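A.B. asks: Once you've had a glance at the structure underneath, I'll fire off some questions.
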Amino acid sequence: MKRMALLLTVLALGAGAVRAESIFHPSPPNPHGAEVVYLLMPDRFSRPVGFVTPEDAAAKAGFDPASAGYFHGGNLAGLSERLGYLQHLGVTSVWMTPVFKNRAVQDNGPNRKPGVGYHGYWILDFTDVDPHFGTKDDLAHLFQAATAKHLSIILDAVVNHTADVITAANGQHGYQYKFSHPYRDAAGNVFDDRDYVNRADFPKLDPQVSFPVPPAYRAPADATIKRPDWLNDPTVYHNRGDVSSAGESAQYGDIAGLDDLFTEQLRVVEGMTDIYRRWVRDFPVHGLRLDTVKHVNNEFWQRFLPAMETVARDSGRPDLFLFGEVFDPDPALLSDYVQRAGLPSVLDFGFQKSVVGFAAGAVTAEACSALFAKDAFYITPTGDARGLVTFLSNHDIGRVGYLVGKGVRDGSDEELLQRVKLAHLLLFCARGIPSLYYGDEQGFTGTGGDVDAREDMFATEVAQYAREKRLGGGSPQGAAYDEGHPLYRLIQTLCELRRRLPALRRGAQATRLADPGDSVFAFSRLDWQTGREVLVVANNRPSAREVTIPVATRGGRWTVEFALQEKGLEVTAASGQTVSLVVPGLDAAVLTVDETARGRPEPLGSFHLKVVRQGQLDDRWELTAETTEDRPLQVAFAVRVKGGSAFQYLGTCDAAPYCILPTRERVPVAAELEFRCEARDLDGNGGVAEATWQKPNPRLPGTGDR
């Protein structure tokens, strides 16, 4: 990795040295920090009372409740009847997979089984509800019933693709790269679509001239089957073949043959924006989960997201909950869609991989803590990692019971259940907004990802689902709405714990113990509004461990607020800023203290600001406030062109190491820059450090790229 040489001037100032022009901002609050999301598939969650096999041809297409990959009869009316079950569980929002009209049965060619769109992601008509799920009236009733139960509804928004209607006229399905097969305008002239992104003068296209894979239809009726009508124009699709392994094709290729929209075109941006603007305006939509974010160019999101926020605000909902799916566990890549595409939040696949791995005993405490050490990637002027949507299971990767079970093949059912409980405690107590996958609270395990993890909550007719293991009891053949199930009751308790302890919803997270190769992972959540600290500790080995954990609070009496096991966890000592514990095997607990972490009247010691032009990522700055202070701090960072009048705020870090990683676009382009960081502790003590960055002169020895 290249690093650019720096010329730094560092000034460290003590307490009370905050200048007249303060750049300090506390960590921004997240309007959705109190959320608990519940993901479900309408087809698999609940059939309404009195359900009978549909007779209407549209609702019957693809219906076969005995086949795992077909429609099973769950719908919006059934969901409305089961909202009390979700309210009692303690969730706040219900996220449904797409409910818009799908291509019910997809012809996959000779000698292949047809595909069925029970999941909702093969949309033909973006303007109406799929008849398998009901009508717009049923959707309106669901919103009304949810409001009465103090629940909100999150819709799943697909903008990357539509149902597979278009095929290749030349029989070419492999991806065709732009360097060898460029786009051509209707007159045959070569052009680069990137030169016209979101521009009204995007070149006119011709289906037979402009594309390396000319579009065609399998049947004449397919040419007019989509809604709104503009989606029937074949030139609003990329028409480059199927996605290949990586690179350019991720944004231009067809995923599983689905028609990939040409989202660089302004007419596509405006068309998709208008579709979802209508849904947000016409229904009291609480949020949108954004599908396949990384397969869409950033410029699309930069226009689409503000438009959704505007229509929601104009409709009396100022805090539309927007989060995207970026299917990757790397925080550097995930955060890029927060930093550059402008998403307020993404699904935290890195959290899922690390926490499930830790619960299974396959990931050490040190490796698990390494994920949270990268939270600086997500810091912006408006948010941080607390806004990420965290999860253990979903409809693509499989269930936590299955994933943990792969790591403990020789363990008993009791051990597997305990490990799944441990994972849930970390889900609810670590930073982020927890999201549950339907059926996990009933011990569903599944046998893999995709269709193997999409069981029926109602009495199933699928032989595969009827044979699977249920953790914590319950028959896999019967309906699964048992509010006495041990996992259901655990999640109820964790929801209540999260409501009762504000630090679990909004507190800064700091790792307290994660020694190399060790089994005990401990972190604290510190509420800056009250100064209250909550300690979370988890042991992923079957044997007990005695540990001493550093904390921020001086003195006070630590007590166990909640533990997975009723007996065994013991606080053996608490003195100064440490707590000693005996943690039973496979146990996890939440501890509180009767004092606050305030009470540090002494001024801050010196600290320094380190600025690196190319740090952990080549296209980001790395700003670090270095200090020997052991007290909690919030450190705000800002920049200005040298000699300029005002600093530009970049973000605030409230857990050591105090670092942020702004992208190039957030920092002015100039020969000389001035950076400043300003710290505050819980008692209001402050301090400032500054650094001057000068663009290196490559003609001088020891400068330039190296």
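Ordered as shown in the structure tokens, chains take letters A, B, and onward, while each chain numbers its residues from 1 and ligands are numbered from 1 in the order shown.
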Identify all residues of region 162-289 of chain A in strand (DSSP E or B) (DSSP on the backbone) and supply them as a list in words.
C.D. replies: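 Here are the strand (DSSP E or B) residues of region 162-289 of chain A: Thr162, Ile166, Thr167, Ala168, Tyr183, Arg184, Val190, Phe191, Pro215, Ala216, Tyr217, Arg227, Tyr237, Asp242, Asp254, Asp259, Asp260, Leu261, Gly287, Leu288 and Arg289 of chain A.
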A.B. asks: Could you save the residues just selected, with N, CA and C atoms, as a compact mmCIF listing (two decimals), in the first residue's frame?
C.D. replies:
# COMPACT_ATOMS: atom_id res chain seq x y z
N THR A 162 -35.42 -6.26 -12.46
CA THR A 162 -36.81 -6.70 -12.52
C THR A 162 -36.82 -8.21 -12.74
N ILE A 166 -36.30 -10.37 -20.39
CA ILE A 166 -35.46 -10.17 -21.57
C ILE A 166 -34.45 -11.31 -21.69
N THR A 167 -34.26 -11.79 -22.91
CA THR A 167 -33.24 -12.79 -23.19
C THR A 167 -32.29 -12.23 -24.25
N ALA A 168 -31.27 -12.97 -24.57
CA ALA A 168 -30.25 -12.51 -25.52
C ALA A 168 -30.61 -12.93 -26.93
N TYR A 183 -20.61 0.51 -25.33
CA TYR A 183 -21.94 0.94 -25.75
C TYR A 183 -21.84 1.83 -26.98
N ARG A 184 -22.91 1.81 -27.78
CA ARG A 184 -23.01 2.68 -28.95
C ARG A 184 -24.36 3.39 -28.92
N VAL A 190 -19.58 5.05 -30.61
CA VAL A 190 -19.15 4.54 -29.31
C VAL A 190 -19.20 5.66 -28.26
N PHE A 191 -19.66 5.33 -27.07
CA PHE A 191 -19.64 6.28 -25.96
C PHE A 191 -19.48 5.53 -24.65
N PRO A 215 -31.29 -7.20 -26.84
CA PRO A 215 -32.42 -7.77 -26.10
C PRO A 215 -33.49 -8.35 -27.01
N ALA A 216 -34.12 -9.43 -26.52
CA ALA A 216 -35.24 -10.05 -27.21
C ALA A 216 -36.19 -10.62 -26.16
N TYR A 217 -37.38 -11.02 -26.61
CA TYR A 217 -38.39 -11.58 -25.71
C TYR A 217 -38.71 -13.01 -26.12
N ARG A 227 -44.87 -3.20 -15.33
CA ARG A 227 -45.47 -1.94 -14.92
C ARG A 227 -44.55 -1.25 -13.91
N TYR A 237 -32.18 -1.24 -19.80
CA TYR A 237 -31.43 -2.31 -19.15
C TYR A 237 -30.01 -2.35 -19.69
N ASP A 242 -24.70 -12.10 -18.06
CA ASP A 242 -24.80 -12.43 -16.64
C ASP A 242 -23.58 -11.95 -15.85
N ASP A 254 -26.44 -9.23 -15.26
CA ASP A 254 -27.70 -9.78 -14.76
C ASP A 254 -27.41 -10.79 -13.64
N ASP A 259 -33.32 -9.10 -15.21
CA ASP A 259 -33.06 -7.97 -16.10
C ASP A 259 -32.47 -6.81 -15.30
N ASP A 260 -31.21 -6.48 -15.59
CA ASP A 260 -30.46 -5.50 -14.80
C ASP A 260 -30.68 -4.09 -15.34
N LEU A 261 -31.26 -3.24 -14.50
CA LEU A 261 -31.61 -1.90 -14.93
C LEU A 261 -30.38 -1.02 -15.15
N GLY A 287 -39.93 2.55 6.87
CA GLY A 287 -38.58 2.45 6.35
C GLY A 287 -38.51 1.62 5.09
N LEU A 288 -37.35 1.66 4.45
CA LEU A 288 -37.08 0.86 3.26
C LEU A 288 -35.78 0.11 3.47
N ARG A 289 -35.83 -1.19 3.27
CA ARG A 289 -34.60 -1.98 3.19
C ARG A 289 -34.26 -2.04 1.71
A.B. asks: Could you give me, as a tab-separated table, every region 659-698 of chain A residue with an atom at most 12 Å from region 25-36 of chain A, plus its closest atom pair and distance in Å to one decimal, counting only C-alpha atoms, rows ordered by chain then number?
C.D. replies:
residue	atom	partner	partner_atom	distance
A:Cys677	CA	A:His25	CA	10.4
A:Glu678	CA	A:His25	CA	8.8
A:Ala679	CA	A:His25	CA	9.4
A:Arg680	CA	A:Pro26	CA	8.6
A:Asp681	CA	A:Pro26	CA	10.6
A:Leu682	CA	A:Pro26	CA	11.1
A:Gly684	CA	A:Pro26	CA	11.6
A.B. asks: Could you write out the selected residues, including N, CA and C atoms, as a PDB file, in the first residue's frame?
C.D. replies:
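And here's part-v6.pdb as it stands now:
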ATOM      1  N   CYS A 677      -8.528  18.490  16.226  1.00  0.00           N
ATOM      2  CA  CYS A 677      -9.395  17.602  16.999  1.00  0.00           C
ATOM      3  C   CYS A 677      -9.628  18.246  18.357  1.00  0.00           C
ATOM      4  N   GLU A 678     -10.817  18.047  18.869  1.00  0.00           N
ATOM      5  CA  GLU A 678     -11.198  18.634  20.154  1.00  0.00           C
ATOM      6  C   GLU A 678     -11.881  17.557  20.986  1.00  0.00           C
ATOM      7  N   ALA A 679     -11.419  17.388  22.209  1.00  0.00           N
ATOM      8  CA  ALA A 679     -11.903  16.313  23.074  1.00  0.00           C
ATOM      9  C   ALA A 679     -12.723  16.861  24.229  1.00  0.00           C
ATOM     10  N   ARG A 680     -13.626  16.037  24.721  1.00  0.00           N
ATOM     11  CA  ARG A 680     -14.370  16.304  25.952  1.00  0.00           C
ATOM     12  C   ARG A 680     -14.449  14.999  26.740  1.00  0.00           C
ATOM     13  N   ASP A 681     -14.353  15.108  28.056  1.00  0.00           N
ATOM     14  CA  ASP A 681     -14.637  13.948  28.876  1.00  0.00           C
ATOM     15  C   ASP A 681     -16.024  14.105  29.496  1.00  0.00           C
ATOM     16  N   LEU A 682     -16.424  13.147  30.328  1.00  0.00           N
ATOM     17  CA  LEU A 682     -17.767  13.158  30.908  1.00  0.00           C
ATOM     18  C   LEU A 682     -17.996  14.336  31.845  1.00  0.00           C
ATOM     19  N   GLY A 684     -16.737  17.405  31.279  1.00  0.00           N
ATOM     20  CA  GLY A 684     -16.620  18.664  30.561  1.00  0.00           C
ATOM     21  C   GLY A 684     -15.213  19.165  30.370  1.00  0.00           C
TER      22      GLY A 684
END
A.B. asks: I want to know what sits within 10 Å of Asn232 (chain A), based on only C-alpha atoms, with residues of the same chain fewer than 6 positions away left out; could you give that as an mmCIF file with all heavy atoms, in the first residue's frame?
C.D. replies:
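File part.cif, as written:
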data_model
loop_
_atom_site.group_PDB
_atom_site.id
_atom_site.type_symbol
_atom_site.label_atom_id
_atom_site.label_comp_id
_atom_site.auth_asym_id
_atom_site.auth_seq_id
_atom_site.Cartn_x
_atom_site.Cartn_y
_atom_site.Cartn_z
ATOM 1 N N LEU A 124 -42.509 -7.885 -11.514
ATOM 2 C CA LEU A 124 -43.035 -7.489 -12.830
ATOM 3 C C LEU A 124 -43.770 -6.160 -12.746
ATOM 4 O O LEU A 124 -43.641 -5.309 -13.620
ATOM 5 C CB LEU A 124 -44.015 -8.542 -13.356
ATOM 6 C CG LEU A 124 -43.466 -9.792 -14.015
ATOM 7 C CD1 LEU A 124 -44.625 -10.713 -14.404
ATOM 8 C CD2 LEU A 124 -42.635 -9.450 -15.251
ATOM 9 N N VAL A 165 -37.349 -11.176 -17.986
ATOM 10 C CA VAL A 165 -38.231 -11.143 -19.152
ATOM 11 C C VAL A 165 -37.412 -11.091 -20.434
ATOM 12 O O VAL A 165 -37.748 -11.695 -21.441
ATOM 13 C CB VAL A 165 -39.185 -9.929 -19.073
ATOM 14 C CG1 VAL A 165 -39.897 -9.695 -20.395
ATOM 15 C CG2 VAL A 165 -40.204 -10.139 -17.958
ATOM 16 N N ILE A 166 -36.299 -10.370 -20.385
ATOM 17 C CA ILE A 166 -35.462 -10.170 -21.566
ATOM 18 C C ILE A 166 -34.453 -11.306 -21.690
ATOM 19 O O ILE A 166 -33.839 -11.727 -20.715
ATOM 20 C CB ILE A 166 -34.718 -8.822 -21.467
ATOM 21 C CG1 ILE A 166 -35.727 -7.679 -21.452
ATOM 22 C CG2 ILE A 166 -33.731 -8.653 -22.608
ATOM 23 C CD1 ILE A 166 -35.114 -6.323 -21.182
ATOM 24 N N ASP A 222 -44.511 -10.818 -23.466
ATOM 25 C CA ASP A 222 -43.510 -10.323 -22.525
ATOM 26 C C ASP A 222 -43.089 -8.889 -22.819
ATOM 27 O O ASP A 222 -42.563 -8.204 -21.931
ATOM 28 C CB ASP A 222 -42.275 -11.221 -22.549
ATOM 29 C CG ASP A 222 -42.496 -12.543 -21.832
ATOM 30 O OD1 ASP A 222 -43.516 -12.667 -21.124
ATOM 31 O OD2 ASP A 222 -41.652 -13.447 -21.983
ATOM 32 N N ALA A 223 -43.295 -8.430 -24.026
ATOM 33 C CA ALA A 223 -42.857 -7.083 -24.402
ATOM 34 C C ALA A 223 -43.664 -5.991 -23.716
ATOM 35 O O ALA A 223 -43.236 -4.829 -23.697
ATOM 36 C CB ALA A 223 -42.936 -6.918 -25.918
ATOM 37 N N THR A 224 -44.810 -6.334 -23.158
ATOM 38 C CA THR A 224 -45.660 -5.326 -22.503
ATOM 39 C C THR A 224 -46.099 -5.764 -21.113
ATOM 40 O O THR A 224 -47.079 -5.253 -20.575
ATOM 41 C CB THR A 224 -46.909 -5.044 -23.364
ATOM 42 O OG1 THR A 224 -47.631 -6.270 -23.570
ATOM 43 C CG2 THR A 224 -46.524 -4.439 -24.714
ATOM 44 N N ILE A 225 -45.358 -6.662 -20.481
ATOM 45 C CA ILE A 225 -45.831 -7.296 -19.254
ATOM 46 C C ILE A 225 -45.499 -6.511 -17.988
ATOM 47 O O ILE A 225 -46.108 -6.718 -16.937
ATOM 48 C CB ILE A 225 -45.243 -8.733 -19.163
ATOM 49 C CG1 ILE A 225 -46.067 -9.588 -18.201
ATOM 50 C CG2 ILE A 225 -43.773 -8.713 -18.763
ATOM 51 C CD1 ILE A 225 -45.690 -11.059 -18.237
ATOM 52 N N LYS A 226 -44.555 -5.583 -18.050
ATOM 53 C CA LYS A 226 -44.100 -4.901 -16.841
ATOM 54 C C LYS A 226 -44.856 -3.608 -16.593
ATOM 55 O O LYS A 226 -45.380 -2.982 -17.518
ATOM 56 C CB LYS A 226 -42.591 -4.613 -16.927
ATOM 57 C CG LYS A 226 -41.714 -5.859 -16.956
ATOM 58 C CD LYS A 226 -40.238 -5.504 -17.077
ATOM 59 C CE LYS A 226 -39.367 -6.744 -17.186
ATOM 60 N NZ LYS A 226 -37.930 -6.416 -17.361
#
A.B. asks: When DSSP works through the backbone of this structure, what residues of region 456-580 of chain A end up as helix (DSSP H, G or I), shown as JSON, numbers by chain?
C.D. replies: {"A": [463, 464, 465, 466, 467, 486, 487, 488, 489, 490, 491, 492, 493, 494, 495, 496, 497, 498, 499, 500, 502, 503, 504, 505, 506]}
A.B. asks: Just want the 8 Å neighbourhood of region 664-669 of chain A, counted on only C-alpha atoms, with same-chain residues fewer than 6 positions away dropped. Output as number ranges by chain.
C.D. replies: A: 619-621, 639-641, 650
A.B. asks: Could you name the residues that touch region 488-503 of chain A at 8 Å or less, counting only C-alpha atoms, but leaving out those on the same chain fewer than 5 positions away, as a short mmCIF file (atom, residue, chain, number, x, y, z; two decimals) with N, CA and C atoms, in the first residue's frame?
C.D. replies:
data_model
loop_
_atom_site.label_atom_id
_atom_site.label_comp_id
_atom_site.auth_asym_id
_atom_site.auth_seq_id
_atom_site.Cartn_x
_atom_site.Cartn_y
_atom_site.Cartn_z
N ALA A 34 -33.50 2.77 19.13
CA ALA A 34 -34.36 1.93 19.97
C ALA A 34 -35.08 0.84 19.19
N VAL A 36 -36.00 -2.60 17.19
CA VAL A 36 -35.70 -4.02 17.06
C VAL A 36 -36.50 -4.50 15.85
N HIS A 88 -45.87 -8.95 21.45
CA HIS A 88 -45.50 -9.59 22.71
C HIS A 88 -44.01 -9.95 22.73
N LEU A 89 -43.46 -10.28 21.56
CA LEU A 89 -42.04 -10.61 21.48
C LEU A 89 -41.19 -9.40 21.86
N GLY A 90 -41.65 -8.21 21.51
CA GLY A 90 -40.93 -7.00 21.88
C GLY A 90 -40.29 -6.25 20.73
N VAL A 91 -40.51 -6.71 19.48
CA VAL A 91 -39.93 -6.01 18.34
C VAL A 91 -40.68 -4.71 18.10
N LYS A 421 -28.22 -18.93 22.28
CA LYS A 421 -28.62 -17.90 23.24
C LYS A 421 -27.50 -16.87 23.42
N HIS A 424 -27.51 -14.42 20.66
CA HIS A 424 -28.59 -13.45 20.77
C HIS A 424 -28.30 -12.38 21.81
N LEU A 425 -27.68 -12.76 22.93
CA LEU A 425 -27.35 -11.74 23.92
C LEU A 425 -26.39 -10.71 23.33
N PHE A 428 -28.19 -8.23 21.00
CA PHE A 428 -28.99 -7.18 21.64
C PHE A 428 -28.15 -6.22 22.46
N CYS A 429 -26.94 -6.61 22.82
CA CYS A 429 -26.14 -5.77 23.73
C CYS A 429 -25.00 -5.03 23.04
N GLU A 441 -36.80 -17.36 16.84
CA GLU A 441 -37.32 -17.33 18.21
C GLU A 441 -38.08 -18.61 18.56
N GLN A 442 -38.29 -19.46 17.55
CA GLN A 442 -38.94 -20.75 17.78
C GLN A 442 -37.96 -21.91 17.59
N ASP A 482 -45.31 -20.36 19.60
CA ASP A 482 -45.29 -20.66 21.03
C ASP A 482 -44.61 -19.53 21.79
N GLU A 483 -45.38 -18.75 22.54
CA GLU A 483 -44.80 -17.64 23.30
C GLU A 483 -44.11 -18.11 24.57
N ALA A 508 -21.66 4.39 23.79
CA ALA A 508 -20.40 4.11 23.11
C ALA A 508 -19.92 2.72 23.52
N ARG A 525 -20.71 -0.56 27.40
CA ARG A 525 -21.50 0.44 26.70
C ARG A 525 -21.66 1.62 27.66
N LEU A 526 -21.20 2.78 27.26
CA LEU A 526 -21.20 3.95 28.12
C LEU A 526 -22.17 4.99 27.58
N ASP A 527 -23.16 5.32 28.39
CA ASP A 527 -24.17 6.30 28.01
C ASP A 527 -23.65 7.70 28.35
N ARG A 532 -23.64 6.49 32.80
CA ARG A 532 -23.79 5.12 33.28
C ARG A 532 -23.08 4.14 32.34
N GLU A 533 -22.39 3.19 32.93
CA GLU A 533 -21.67 2.17 32.18
C GLU A 533 -22.33 0.81 32.38
N VAL A 534 -22.47 0.06 31.30
CA VAL A 534 -22.99 -1.30 31.34
C VAL A 534 -21.88 -2.21 30.81
#
A.B. asks: Env of region 341-351 of chain A: 9 Å cut, atoms = only C-alpha atoms, seq-sep filter 4 positions within chain, self excluded. Answer as a VMD selection string.
C.D. replies: chain A and resid 289 to 290 297 to 302 305 321 to 331 334 to 337 355 to 356 368 371 to 372 382 to 385 387 to 392 427 432
A.B. asks: At what distance in Å, to one decimal, does CA of Ala552 (chain A) lie from CA of Ser524 (chain A)?
C.D. replies: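 Value for the CA of Ser524 (chain A)-CA of Ala552 (chain A) distance: 8.5 Å.
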A.B. asks: Please provide the set of residues having any atom within 7 Å of region 412-417 of chain A, restricted to only C-alpha atoms, with same-chain residues fewer than 3 positions apart removed, written as an NGL selection string.
C.D. replies: :A and (405 or 420-421 or 471-472)
A.B. asks: Could those selected residues go to a file with all heavy atoms, as a compact mmCIF listing (two decimals), in the first residue's frame?
C.D. replies:
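What landed in result_11.txt:
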# COMPACT_ATOMS: atom_id res chain seq x y z
N GLY A 405 -24.33 -24.65 14.54
CA GLY A 405 -24.27 -26.11 14.58
C GLY A 405 -23.16 -26.68 13.72
O GLY A 405 -22.60 -27.74 14.04
N VAL A 420 -26.53 -20.58 20.83
CA VAL A 420 -27.44 -19.70 20.10
C VAL A 420 -27.95 -18.59 21.02
O VAL A 420 -28.09 -17.43 20.60
CB VAL A 420 -28.59 -20.51 19.49
CG1 VAL A 420 -29.71 -19.60 18.97
CG2 VAL A 420 -28.07 -21.39 18.35
N LYS A 421 -28.22 -18.93 22.28
CA LYS A 421 -28.62 -17.90 23.24
C LYS A 421 -27.50 -16.87 23.42
O LYS A 421 -27.76 -15.66 23.49
CB LYS A 421 -28.96 -18.55 24.58
CG LYS A 421 -30.27 -19.31 24.62
CD LYS A 421 -30.51 -19.88 26.02
CE LYS A 421 -31.87 -20.54 26.14
NZ LYS A 421 -32.11 -21.05 27.51
N LEU A 471 -34.48 -26.28 17.92
CA LEU A 471 -33.80 -26.05 19.19
C LEU A 471 -34.81 -25.63 20.25
O LEU A 471 -35.71 -24.85 19.98
CB LEU A 471 -32.74 -24.95 19.04
CG LEU A 471 -31.57 -25.25 18.10
CD1 LEU A 471 -30.67 -24.02 18.01
CD2 LEU A 471 -30.79 -26.46 18.59
N GLY A 472 -34.67 -26.14 21.45
CA GLY A 472 -35.52 -25.71 22.56
C GLY A 472 -36.88 -26.35 22.60
O GLY A 472 -37.73 -25.95 23.41
